[in-house]
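K.L.:
One file: final-v2.json (JSON, C-alpha atoms and all ligand atoms).
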[["chain", "number", "residue", "atom", "x", "y", "z"],
["Y", 1, "MET", "CA", -26.81, 30.49, -17.14],
["Y", 2, "THR", "CA", -27.39, 26.83, -17.89],
["Y", 3, "LYS", "CA", -28.38, 24.32, -15.24],
["Y", 4, "LYS", "CA", -25.77, 21.99, -13.78],
["Y", 5, "SER", "CA", -27.46, 18.67, -13.09],
["Y", 6, "VAL", "CA", -26.78, 15.97, -10.52],
["Y", 7, "GLU", "CA", -24.80, 13.05, -11.96],
["Y", 8, "LEU", "CA", -25.26, 10.82, -8.93],
["Y", 9, "VAL", "CA", -25.77, 10.75, -5.16],
["Y", 10, "LEU", "CA", -23.35, 8.38, -3.47],
["Y", 11, "SER", "CA", -23.81, 6.77, -0.07],
["Y", 12, "PRO", "CA", -20.71, 6.38, 2.15],
["Y", 13, "ARG", "CA", -18.61, 3.24, 1.70],
["Y", 14, "GLU", "CA", -17.71, 0.99, 4.62],
["Y", 15, "PRO", "CA", -15.26, 2.89, 6.84],
["Y", 16, "HIS", "CA", -11.65, 1.88, 7.33],
["Y", 17, "TYR", "CA", -9.00, 3.14, 9.72],
["Y", 18, "VAL", "CA", -6.04, 5.36, 8.76],
["Y", 19, "GLY", "CA", -3.68, 4.68, 11.65],
["Y", 20, "ASP", "CA", -5.88, 4.24, 14.72],
["Y", 21, "GLY", "CA", -7.29, 7.76, 14.85],
["Y", 22, "PHE", "CA", -9.10, 8.34, 11.58],
["Y", 23, "ARG", "CA", -12.15, 6.20, 10.81],
["Y", 24, "VAL", "CA", -12.86, 7.23, 7.25],
["Y", 25, "HIS", "CA", -15.18, 6.61, 4.34],
["Y", 26, "ASN", "CA", -13.21, 7.04, 1.13],
["Y", 27, "PHE", "CA", -15.12, 8.84, -1.62],
["Y", 28, "ILE", "CA", -12.24, 9.84, -3.94],
["Y", 29, "PRO", "CA", -10.68, 7.91, -5.67],
["Y", 30, "ASP", "CA", -12.52, 4.67, -4.78],
["Y", 31, "GLY", "CA", -16.14, 5.85, -4.92],
["Y", 32, "PHE", "CA", -18.14, 4.91, -8.00],
["Y", 33, "ARG", "CA", -17.19, 7.38, -10.82],
["Y", 34, "LEU", "CA", -15.02, 9.42, -8.42],
["Y", 35, "ASP", "CA", -11.58, 8.44, -9.71],
["Y", 36, "MET", "CA", -8.67, 10.90, -9.62],
["Y", 37, "GLN", "CA", -8.96, 11.98, -13.23],
["Y", 38, "ARG", "CA", -12.72, 12.59, -13.06],
["Y", 39, "MET", "CA", -12.46, 14.64, -9.85],
["Y", 40, "ASN", "CA", -9.11, 16.31, -10.63],
["Y", 41, "PRO", "CA", -7.87, 18.56, -8.95],
["Y", 42, "PHE", "CA", -9.55, 16.74, -6.00],
["Y", 43, "ILE", "CA", -7.62, 13.47, -6.02],
["Y", 44, "MET", "CA", -8.45, 12.05, -2.58],
["Y", 45, "LEU", "CA", -11.30, 12.56, -0.14],
["Y", 46, "ASP", "CA", -11.38, 10.70, 3.16],
["Y", 47, "TYR", "CA", -14.33, 11.50, 5.36],
["Y", 48, "ASN", "CA", -14.35, 10.74, 9.08],
["Y", 49, "SER", "CA", -18.12, 10.92, 9.66],
["Y", 50, "LYS", "CA", -19.12, 11.87, 13.21],
["Y", 51, "PHE", "CA", -17.70, 9.17, 15.48],
["Y", 52, "TYR", "CA", -17.21, 8.95, 19.24],
["Y", 53, "PHE", "CA", -13.68, 8.17, 20.47],
["Y", 54, "PRO", "CA", -13.50, 7.25, 24.20],
["Y", 55, "PRO", "CA", -10.95, 8.95, 26.48],
["Y", 56, "THR", "CA", -7.34, 7.75, 26.32],
["Y", 57, "ASP", "CA", -3.98, 8.97, 27.59],
["Y", 58, "LYS", "CA", -2.33, 7.62, 24.42],
["Y", 59, "PRO", "CA", -3.49, 9.90, 21.56],
["Y", 60, "ARG", "CA", -4.76, 8.07, 18.50],
["Y", 61, "GLY", "CA", -3.64, 9.06, 15.03],
["Y", 62, "VAL", "CA", -1.27, 8.24, 12.23],
["Y", 63, "GLY", "CA", 2.52, 8.09, 12.57],
["Y", 64, "VAL", "CA", 5.30, 9.53, 10.44],
["Y", 65, "HIS", "CA", 4.63, 9.33, 6.69],
["Y", 66, "PRO", "CA", 5.67, 11.28, 3.57],
["Y", 67, "HIS", "CA", 3.73, 13.18, 0.89],
["Y", 68, "ARG", "CA", 4.86, 14.57, -2.46],
["Y", 69, "GLY", "CA", 3.21, 16.17, -5.46],
["Y", 70, "PHE", "CA", 0.00, 17.67, -4.00],
["Y", 71, "GLU", "CA", -1.60, 19.55, -1.09],
["Y", 72, "THR", "CA", -3.48, 18.11, 1.90],
["Y", 73, "VAL", "CA", -6.45, 20.03, 3.23],
["Y", 74, "SER", "CA", -7.76, 19.04, 6.66],
["Y", 75, "ILE", "CA", -11.10, 20.42, 7.81],
["Y", 76, "ALA", "CA", -12.02, 19.82, 11.46],
["Y", 77, "TYR", "CA", -15.76, 19.92, 12.14],
["Y", 78, "LYS", "CA", -15.43, 18.30, 15.57],
["Y", 79, "GLY", "CA", -12.34, 17.30, 17.53],
["Y", 80, "ARG", "CA", -8.79, 18.62, 17.54],
["Y", 81, "VAL", "CA", -5.73, 17.34, 15.64],
["Y", 82, "ALA", "CA", -2.09, 18.04, 16.46],
["Y", 83, "HIS", "CA", 0.46, 17.77, 13.65],
["Y", 84, "HIS", "CA", 4.23, 17.88, 13.39],
["Y", 85, "ASP", "CA", 6.47, 17.83, 10.34],
["Y", 86, "SER", "CA", 10.06, 17.33, 9.30],
["Y", 87, "SER", "CA", 10.74, 21.06, 8.87],
["Y", 88, "GLY", "CA", 10.15, 21.54, 12.61],
["Y", 89, "GLY", "CA", 6.67, 22.96, 12.05],
["Y", 90, "GLY", "CA", 3.61, 21.92, 13.97],
["Y", 91, "GLY", "CA", 0.31, 23.11, 15.31],
["Y", 92, "VAL", "CA", -3.23, 22.25, 16.23],
["Y", 93, "ILE", "CA", -6.24, 22.12, 13.93],
["Y", 94, "GLY", "CA", -9.12, 23.11, 16.21],
["Y", 95, "GLU", "CA", -12.87, 22.88, 15.69],
["Y", 96, "GLY", "CA", -13.90, 24.83, 12.61],
["Y", 97, "ASP", "CA", -10.28, 25.35, 11.54],
["Y", 98, "ILE", "CA", -8.64, 24.34, 8.28],
["Y", 99, "GLN", "CA", -5.07, 23.33, 7.60],
["Y", 100, "TRP", "CA", -3.96, 23.70, 3.99],
["Y", 101, "MET", "CA", -0.56, 22.01, 3.66],
["Y", 102, "THR", "CA", 1.35, 22.21, 0.40],
["Y", 103, "ALA", "CA", 3.47, 19.04, 0.50],
["Y", 104, "ALA", "CA", 4.82, 19.73, -3.03],
["Y", 105, "SER", "CA", 8.47, 18.52, -3.20],
["Y", 106, "GLY", "CA", 8.01, 16.58, 0.02],
["Y", 107, "VAL", "CA", 7.37, 16.54, 3.74],
["Y", 108, "LEU", "CA", 7.28, 13.95, 6.47],
["Y", 109, "HIS", "CA", 4.53, 14.50, 9.00],
["Y", 110, "LYS", "CA", 2.41, 12.85, 11.67],
["Y", 111, "GLU", "CA", -1.16, 13.59, 12.66],
["Y", 112, "TYR", "CA", -2.66, 12.76, 16.08],
["Y", 113, "HIS", "CA", -5.69, 13.68, 18.11],
["Y", 114, "GLU", "CA", -4.57, 16.50, 20.42],
["Y", 115, "LYS", "CA", -3.37, 15.19, 23.80],
["Y", 116, "GLU", "CA", -5.84, 17.18, 25.95],
["Y", 117, "TRP", "CA", -8.74, 16.35, 23.63],
["Y", 118, "SER", "CA", -7.81, 12.65, 23.80],
["Y", 119, "LEU", "CA", -7.95, 12.68, 27.61],
["Y", 120, "GLU", "CA", -11.56, 13.87, 27.44],
["Y", 121, "GLY", "CA", -12.56, 11.90, 24.35],
["Y", 122, "GLY", "CA", -15.54, 12.99, 22.29],
["Y", 123, "GLU", "CA", -17.13, 13.21, 18.89],
["Y", 124, "PHE", "CA", -14.66, 13.47, 16.04],
["Y", 125, "HIS", "CA", -15.74, 14.71, 12.61],
["Y", 126, "MET", "CA", -13.24, 15.59, 9.90],
["Y", 127, "VAL", "CA", -12.50, 15.79, 6.18],
["Y", 128, "GLN", "CA", -9.12, 15.24, 4.58],
["Y", 129, "LEU", "CA", -8.75, 16.19, 0.94],
["Y", 130, "TRP", "CA", -5.78, 15.93, -1.38],
["Y", 131, "VAL", "CA", -5.59, 18.69, -3.97],
["Y", 132, "ASN", "CA", -3.47, 18.02, -7.04],
["Y", 133, "LEU", "CA", -0.70, 20.34, -8.19],
["Y", 134, "PRO", "CA", 0.15, 21.10, -11.82],
["Y", 135, "ALA", "CA", 3.39, 19.46, -13.02],
["Y", 136, "LYS", "CA", 5.30, 22.77, -12.88],
["Y", 137, "ASP", "CA", 4.53, 23.14, -9.13],
["Y", 138, "LYS", "CA", 4.87, 19.55, -7.90],
["Y", 139, "MET", "CA", 8.48, 20.09, -6.80],
["Y", 140, "SER", "CA", 7.98, 23.58, -5.32],
["Y", 141, "GLN", "CA", 8.74, 24.42, -1.67],
["Y", 142, "PRO", "CA", 6.43, 22.96, 1.00],
["Y", 143, "LYS", "CA", 4.32, 25.49, 2.95],
["Y", 144, "TYR", "CA", 1.36, 25.78, 5.31],
["Y", 145, "GLN", "CA", -1.75, 27.88, 5.49],
["Y", 146, "ALA", "CA", -3.35, 27.62, 8.93],
["Y", 147, "ILE", "CA", -6.86, 29.05, 8.63],
["Y", 148, "LYS", "CA", -8.51, 29.71, 11.98],
["Y", 149, "ASN", "CA", -12.30, 29.60, 12.01],
["Y", 150, "GLU", "CA", -12.59, 33.24, 13.16],
["Y", 151, "ASN", "CA", -10.55, 34.34, 10.12],
["Y", 152, "ILE", "CA", -12.71, 32.62, 7.50],
["Y", 153, "ASN", "CA", -14.54, 35.11, 5.28],
["Y", 154, "ARG", "CA", -18.32, 34.63, 5.27],
["Y", 155, "PHE", "CA", -21.27, 35.46, 3.08],
["Y", 156, "ALA", "CA", -24.40, 36.02, 5.19],
["Y", 157, "LEU", "CA", -27.52, 34.56, 3.59],
["Y", 158, "PRO", "CA", -30.63, 36.77, 3.61],
["Y", 159, "ASN", "CA", -33.29, 36.52, 6.35],
["Y", 160, "GLY", "CA", -30.96, 34.81, 8.82],
["Y", 161, "GLY", "CA", -30.87, 31.74, 6.58],
["Y", 162, "GLY", "CA", -27.31, 30.88, 7.51],
["Y", 163, "GLU", "CA", -23.92, 31.60, 6.00],
["Y", 164, "ILE", "CA", -21.40, 30.44, 3.45],
["Y", 165, "GLU", "CA", -17.85, 30.09, 4.80],
["Y", 166, "VAL", "CA", -15.49, 30.78, 1.91],
["Y", 167, "ILE", "CA", -12.32, 28.75, 2.44],
["Y", 168, "ALA", "CA", -10.95, 29.21, -1.09],
["Y", 169, "GLY", "CA", -12.19, 30.84, -4.28],
["Y", 170, "ASP", "CA", -15.27, 33.00, -3.89],
["Y", 171, "TYR", "CA", -19.00, 33.08, -3.31],
["Y", 172, "LYS", "CA", -21.05, 36.02, -4.60],
["Y", 173, "GLY", "CA", -18.07, 38.37, -4.27],
["Y", 174, "VAL", "CA", -16.73, 37.14, -0.90],
["Y", 175, "LYS", "CA", -13.23, 35.71, -1.38],
["Y", 176, "GLY", "CA", -11.57, 32.92, 0.58],
["Y", 177, "SER", "CA", -8.22, 33.54, 2.23],
["Y", 178, "ALA", "CA", -6.54, 30.31, 1.06],
["Y", 179, "THR", "CA", -4.22, 30.71, -1.90],
["Y", 180, "THR", "CA", -4.34, 27.92, -4.48],
["Y", 181, "PHE", "CA", -2.14, 26.95, -7.45],
["Y", 182, "THR", "CA", -5.11, 26.39, -9.77],
["Y", 183, "PRO", "CA", -8.65, 27.81, -9.62],
["Y", 184, "ILE", "CA", -10.55, 26.15, -6.73],
["Y", 185, "HIS", "CA", -13.72, 27.01, -4.84],
["Y", 186, "MET", "CA", -14.10, 25.44, -1.40],
["Y", 187, "LEU", "CA", -17.09, 26.47, 0.69],
["Y", 188, "ASN", "CA", -18.88, 25.38, 3.86],
["Y", 189, "ALA", "CA", -22.57, 26.09, 3.29],
["Y", 190, "LYS", "CA", -24.26, 26.36, 6.69],
["Y", 191, "LEU", "CA", -27.97, 26.49, 5.93],
["Y", 192, "LYS", "CA", -30.95, 26.85, 8.27],
["Y", 193, "LYS", "CA", -33.91, 24.56, 7.61],
["Y", 194, "GLY", "CA", -35.87, 25.77, 4.58],
["Y", 195, "THR", "CA", -33.10, 28.00, 3.22],
["Y", 196, "GLU", "CA", -32.29, 27.68, -0.47],
["Y", 197, "THR", "CA", -29.27, 29.21, -2.18],
["Y", 198, "ASP", "CA", -27.61, 28.94, -5.57],
["Y", 199, "PHE", "CA", -24.08, 28.22, -6.79],
["Y", 200, "THR", "CA", -22.45, 28.94, -10.14],
["Y", 201, "PHE", "CA", -19.18, 27.42, -11.36],
["Y", 202, "PRO", "CA", -17.75, 26.90, -14.87],
["Y", 203, "ALA", "CA", -19.38, 23.87, -16.50],
["Y", 204, "ASN", "CA", -16.14, 21.91, -16.94],
["Y", 205, "TYR", "CA", -15.02, 22.22, -13.30],
["Y", 206, "SER", "CA", -14.99, 19.05, -11.18],
["Y", 207, "THR", "CA", -17.79, 19.74, -8.71],
["Y", 208, "GLY", "CA", -19.10, 17.77, -5.74],
["Y", 209, "LEU", "CA", -20.97, 18.23, -2.47],
["Y", 210, "LEU", "CA", -20.43, 16.38, 0.80],
["Y", 211, "VAL", "CA", -23.34, 16.56, 3.24],
["Y", 212, "ILE", "CA", -21.69, 16.99, 6.65],
["Y", 213, "GLU", "CA", -24.80, 17.64, 8.76],
["Y", 214, "GLY", "CA", -28.53, 17.47, 8.10],
["Y", 215, "SER", "CA", -29.98, 16.83, 4.68],
["Y", 216, "VAL", "CA", -30.50, 18.85, 1.52],
["Y", 217, "VAL", "CA", -32.30, 18.78, -1.82],
["Y", 218, "VAL", "CA", -30.26, 19.71, -4.90],
["Y", 219, "ASN", "CA", -32.00, 21.42, -7.85],
["Y", 220, "ASN", "CA", -35.36, 20.93, -6.09],
["Y", 221, "GLN", "CA", -35.15, 17.29, -7.07],
["Y", 222, "GLU", "CA", -32.33, 15.14, -5.72],
["Y", 223, "GLU", "CA", -32.33, 14.33, -2.00],
["Y", 224, "ALA", "CA", -28.95, 14.06, -0.33],
["Y", 225, "PRO", "CA", -28.90, 12.83, 3.28],
["Y", 226, "THR", "CA", -26.12, 13.19, 5.87],
["Y", 227, "ASN", "CA", -22.75, 11.67, 4.89],
["Y", 228, "HIS", "CA", -23.69, 11.38, 1.19],
["Y", 229, "PHE", "CA", -21.64, 12.80, -1.69],
["Y", 230, "VAL", "CA", -23.31, 14.49, -4.64],
["Y", 231, "LEU", "CA", -21.38, 14.40, -7.91],
["Y", 232, "MET", "CA", -22.40, 17.26, -10.18],
["Y", 233, "ALA", "CA", -22.37, 16.81, -13.95],
["Y", 234, "THR", "CA", -20.33, 18.95, -16.36],
["Y", 235, "ASP", "CA", -23.40, 19.97, -18.41],
["Y", 236, "GLY", "CA", -23.94, 23.49, -17.08],
["Y", 237, "GLU", "CA", -23.04, 26.11, -14.50],
["Y", 238, "SER", "CA", -25.74, 26.70, -11.88],
["Y", 239, "PHE", "CA", -27.50, 24.61, -9.25],
["Y", 240, "THR", "CA", -29.40, 25.13, -6.02],
["Y", 241, "ILE", "CA", -29.17, 23.58, -2.58],
["Y", 242, "LYS", "CA", -32.13, 23.66, -0.18],
["Y", 243, "ALA", "CA", -31.87, 22.55, 3.44],
["Y", 244, "SER", "CA", -34.60, 20.06, 4.44],
["Y", 245, "GLU", "CA", -33.32, 20.51, 8.00],
["Y", 246, "ASP", "CA", -30.43, 22.56, 9.42],
["Y", 247, "ALA", "CA", -27.49, 21.47, 7.25],
["Y", 248, "VAL", "CA", -23.78, 21.85, 6.61],
["Y", 249, "VAL", "CA", -22.52, 21.05, 3.11],
["Y", 250, "LEU", "CA", -18.92, 21.09, 1.92],
["Y", 251, "VAL", "CA", -19.00, 22.46, -1.64],
["Y", 252, "LEU", "CA", -16.01, 21.67, -3.88],
["Y", 253, "SER", "CA", -15.39, 22.93, -7.41],
["Y", 254, "GLY", "CA", -12.08, 23.10, -9.24],
["Y", 255, "GLU", "CA", -10.64, 23.49, -12.70],
["Y", 256, "PRO", "CA", -9.39, 20.09, -13.92],
["Y", 257, "ILE", "CA", -5.64, 19.78, -14.35],
["Y", 258, "ASN", "CA", -5.35, 18.11, -17.72],
["Y", 259, "GLU", "CA", -2.11, 16.22, -17.14],
["Y", 260, "PRO", "CA", -1.33, 12.53, -16.65],
["Y", 261, "ILE", "CA", -1.59, 11.16, -13.10],
["Y", 262, "ALA", "CA", 0.78, 8.55, -11.67],
["Y", 263, "ALA", "CA", -0.15, 7.74, -8.06],
["Y", 264, "HIS", "CA", 1.20, 5.33, -5.51],
["Y", 265, "GLY", "CA", 0.47, 5.53, -1.77],
["Y", 266, "PRO", "CA", 1.46, 8.97, -0.48],
["Y", 267, "PHE", "CA", 2.91, 10.21, -3.79],
["Y", 268, "VAL", "CA", 0.96, 11.68, -6.73],
["Y", 269, "MET", "CA", 3.09, 12.65, -9.72],
["Y", 270, "ASN", "CA", 2.78, 12.63, -13.53],
["Y", 271, "THR", "CA", 4.93, 9.63, -14.51],
["Y", 272, "ARG", "CA", 5.97, 6.23, -13.10],
["Y", 273, "GLN", "CA", 9.60, 7.42, -13.14],
["Y", 274, "GLU", "CA", 8.71, 10.32, -10.83],
["Y", 275, "ILE", "CA", 7.00, 7.88, -8.43],
["Y", 276, "ALA", "CA", 10.11, 5.67, -8.42],
["Y", 277, "GLN", "CA", 12.20, 8.80, -7.77],
["Y", 278, "ALA", "CA", 9.93, 9.76, -4.84],
["Y", 279, "PHE", "CA", 10.43, 6.33, -3.20],
["Y", 280, "ASP", "CA", 14.18, 6.55, -3.86],
["Y", 281, "ASP", "CA", 14.38, 10.03, -2.28],
["Y", 282, "PHE", "CA", 12.25, 8.87, 0.66],
["Y", 283, "TYR", "CA", 14.45, 5.81, 1.35],
["Y", 284, "LYS", "CA", 17.57, 7.99, 1.08],
["Y", 285, "GLY", "CA", 16.24, 10.33, 3.76],
["Y", 286, "LYS", "CA", 15.78, 13.31, 1.43],
["Y", 287, "PHE", "CA", 12.38, 14.11, 3.00],
["Y", 288, "GLY", "CA", 14.19, 14.96, 6.24],
["Y", 289, "HIS", "CA", 13.70, 13.37, 9.64],
["Y", 290, "LEU", "CA", 10.90, 13.24, 12.20],
["Y", 291, "GLU", "CA", 10.73, 11.24, 15.46],
["Y", 292, "ASP", "CA", 7.75, 8.90, 15.86],
["Y", 301, "MN", "MN", -0.70, 12.89, 5.90]]
Represent the supplied structure as structure tokens.

P.N.:
Amino acid sequence: MTKKSVELVLSPREPHYVGDGFRVHNFIPDGFRLDMQRMNPFIMLDYNSKFYFPPTDKPRGVGVHPHRGFETVSIAYKGRVAHHDSSGGGGVIGEGDIQWMTAASGVLHKEYHEKEWSLEGGEFHMVQLWVNLPAKDKMSQPKYQAIKNENINRFALPNGGGEIEVIAGDYKGVKGSATTFTPIHMLNAKLKKGTETDFTFPANYSTGLLVIEGSVVVNNQEEAPTNHFVLMATDGESFTIKASEDAVVLVLSGEPINEPIAAHGPFVMNTRQEIAQAFDDFYKGKFGHLED
């Protein structure tokens, strides 16, 4: 097994608001060297680092908007998000839960802090990822995978060193429950201080680490503090993560989709014509209807 080295450690950019409920640092595609093609199939990563929202009786969030051509994956570390979509579906993403939404041919949805949570206020901490779809699946039927925290498969690290939550793909034989269109590994590494563990992915996969809590050292060499993103190089397969203090790290690795990308706002397709078609369909109401 050859060593996969660290390409760079990126600090979080200045945050911006998505609607009034998501205060995010964008890493993909605007972070240095983290453009859509380099990180494909991970084409967008917005990170709401831990942030306190005061109580309100008017839930904060983002109103009705469309998506087409990819999947959105929302990971709630703290806080609760309610969502509704144009097919009549809806639900709540609670603490530790994951919502894997395949927008594919198109949905309209809205995402708000849950009403009861908003009344109390509190710390909010969340990741939203966009996962690309291959051309042949971009116009497939929308669907949801709601993954409750208690249903996530886990690998227990030896000596009580913590655990690896396997959201998708696998870790040392433990498989994630999420189904994906292309090969993807998505893991939450929850490591106790001093614990070191290793990861192995194909060399050519787009691989990155987001430090959610605590701080870690990668390959016994590169320090990565809270809220930093570690881009792994494509020079080898294996690397190690050691927790300098109790840590949570989101580990992402996926096979690149080697197809052209045409992206505009909430649509990610393969050609400019398909983007124009998406806007046309949206304006003509073909994504359905959803009240604000
Ligand atoms: Mn959305």

K.L.:
Enclose region 102-119 of chain Y, meaning all of its atoms listed in the file, in a box aligned along x, y and z, pad it by 6 Å on each side, and list the centre and edge lengths in Å to one decimal, as AutoDock Vina command-line options.

P.N.:
--center_x -0.1 --center_y 17.4 --center_z 12.2 --size_x 29.2 --size_y 21.6 --size_z 42.8

K.L.:
Would you kindly return, as a PyMOL selection string, each protein, DNA or RNA residue with an atom no farther than 6 Å from any atom of Thr102 (chain Y), considering only C-alpha atoms and excluding same-chain residues fewer than 4 positions away?

P.N.:
chain Y and resi 71+142-143

K.L.:
Rank nothing, just name the residue among Y:Gly21, Y:Pro66, Y:Pro41, Y:Gly88 nearest to ligand MN 301 (chain Y), using all atoms listed in the file.

P.N.:
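Of Y:Gly21, Y:Pro66, Y:Pro41, Y:Gly88, the one nearest ligand MN 301 (chain Y) is Y:Pro66, counting all atoms listed in the file.
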
K.L.:
When distances are computed from only C-alpha atoms and all ligand atoms, which of Y:Gly63, Y:Gly121, Y:Gly94, Y:Gly173 shows the smallest separation from ligand MN 301 (chain Y)?

P.N.:
Y:Gly63

K.L.:
To check your reading of the model: which residues sit at most 12 Å from ligand MN 301 (chain Y) when counting only C-alpha atoms and all ligand atoms? Write the answer as a ChimeraX atom specification.

P.N.:
/Y:18-19,22,44,46,61-68,70-74,81-85,99-103,106-112,128-130,265-267

K.L.:
Check the smallest atom-to-atom distance from each of Y:Phe229, Y:Met186, Y:Tyr52, Y:Ile152 to Gly31 (chain Y) using only C-alpha atoms, then report the winner.

P.N.:
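The closest residue to Gly31 (chain Y) is Y:Phe229.
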
K.L.:
Excluding Tyr47 (chain Y) and any residue of its chain fewer than 3 positions from it, enumerate the residues within 7 Å of it, using only C-alpha atoms, and give them as an mmCIF file with C-alpha atoms, keeping the file's coordinate frame.

P.N.:
data_model
loop_
_atom_site.group_PDB
_atom_site.id
_atom_site.type_symbol
_atom_site.label_atom_id
_atom_site.label_comp_id
_atom_site.auth_asym_id
_atom_site.auth_seq_id
_atom_site.Cartn_x
_atom_site.Cartn_y
_atom_site.Cartn_z
ATOM 1 C CA VAL Y 24 -12.860 7.230 7.250
ATOM 2 C CA HIS Y 25 -15.180 6.610 4.340
ATOM 3 C CA ASN Y 26 -13.210 7.040 1.130
ATOM 4 C CA MET Y 126 -13.240 15.590 9.900
ATOM 5 C CA VAL Y 127 -12.500 15.790 6.180
ATOM 6 C CA GLN Y 128 -9.120 15.240 4.580
#

K.L.:
Tell me, as a VMD selection string, which residues lie within 7 Å of Leu231 (chain Y), counting all atoms listed in the file; anything in the same chain fewer than 4 positions away does not count.

P.N.:
chain Y and resid 6 to 9 207 to 209

K.L.:
Using only C-alpha atoms, which residues sit within 9 Å of Ile98 (chain Y) once same-chain residues fewer than 4 positions away are excluded, as a ChimeraX atom specification?

P.N.:
/Y:73-76,93-94,145-149,167

K.L.:
Using all atoms listed in the file for the distances, tell me which of Y:Thr234, Y:Thr56, Y:Ser87, Y:Thr197 is nearest to Leu157 (chain Y).

P.N.:
Y:Thr197

K.L.:
Identify which of the residues Y:Gly122, Y:Gly69, Y:Pro55, Y:Gly90 lies closest to Ala135 (chain Y), counting all atoms listed in the file when measuring atom-to-atom distances.

P.N.:
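Among the listed residues, Y:Gly69 lies closest to Ala135 (chain Y).
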
K.L.:
To one decimal place, how far is CA of Lys50 (chain Y) from CA of His16 (chain Y) in Å?

P.N.:
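According to the coordinates, CA of Lys50 (chain Y) and CA of His16 (chain Y) are separated by 13.8 Å.
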
K.L.:
From the list Y:Thr2, Y:Asn188, Y:Gln141, Y:Ser244, which residue is nearest Gly96 (chain Y) when using only C-alpha atoms?

P.N.:
Y:Asn188

K.L.:
What is the CA of Glu245 (chain Y)-CA of Leu45 (chain Y) distance in Å, reported with one decimal?

P.N.:
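The value is 24.8 Å.
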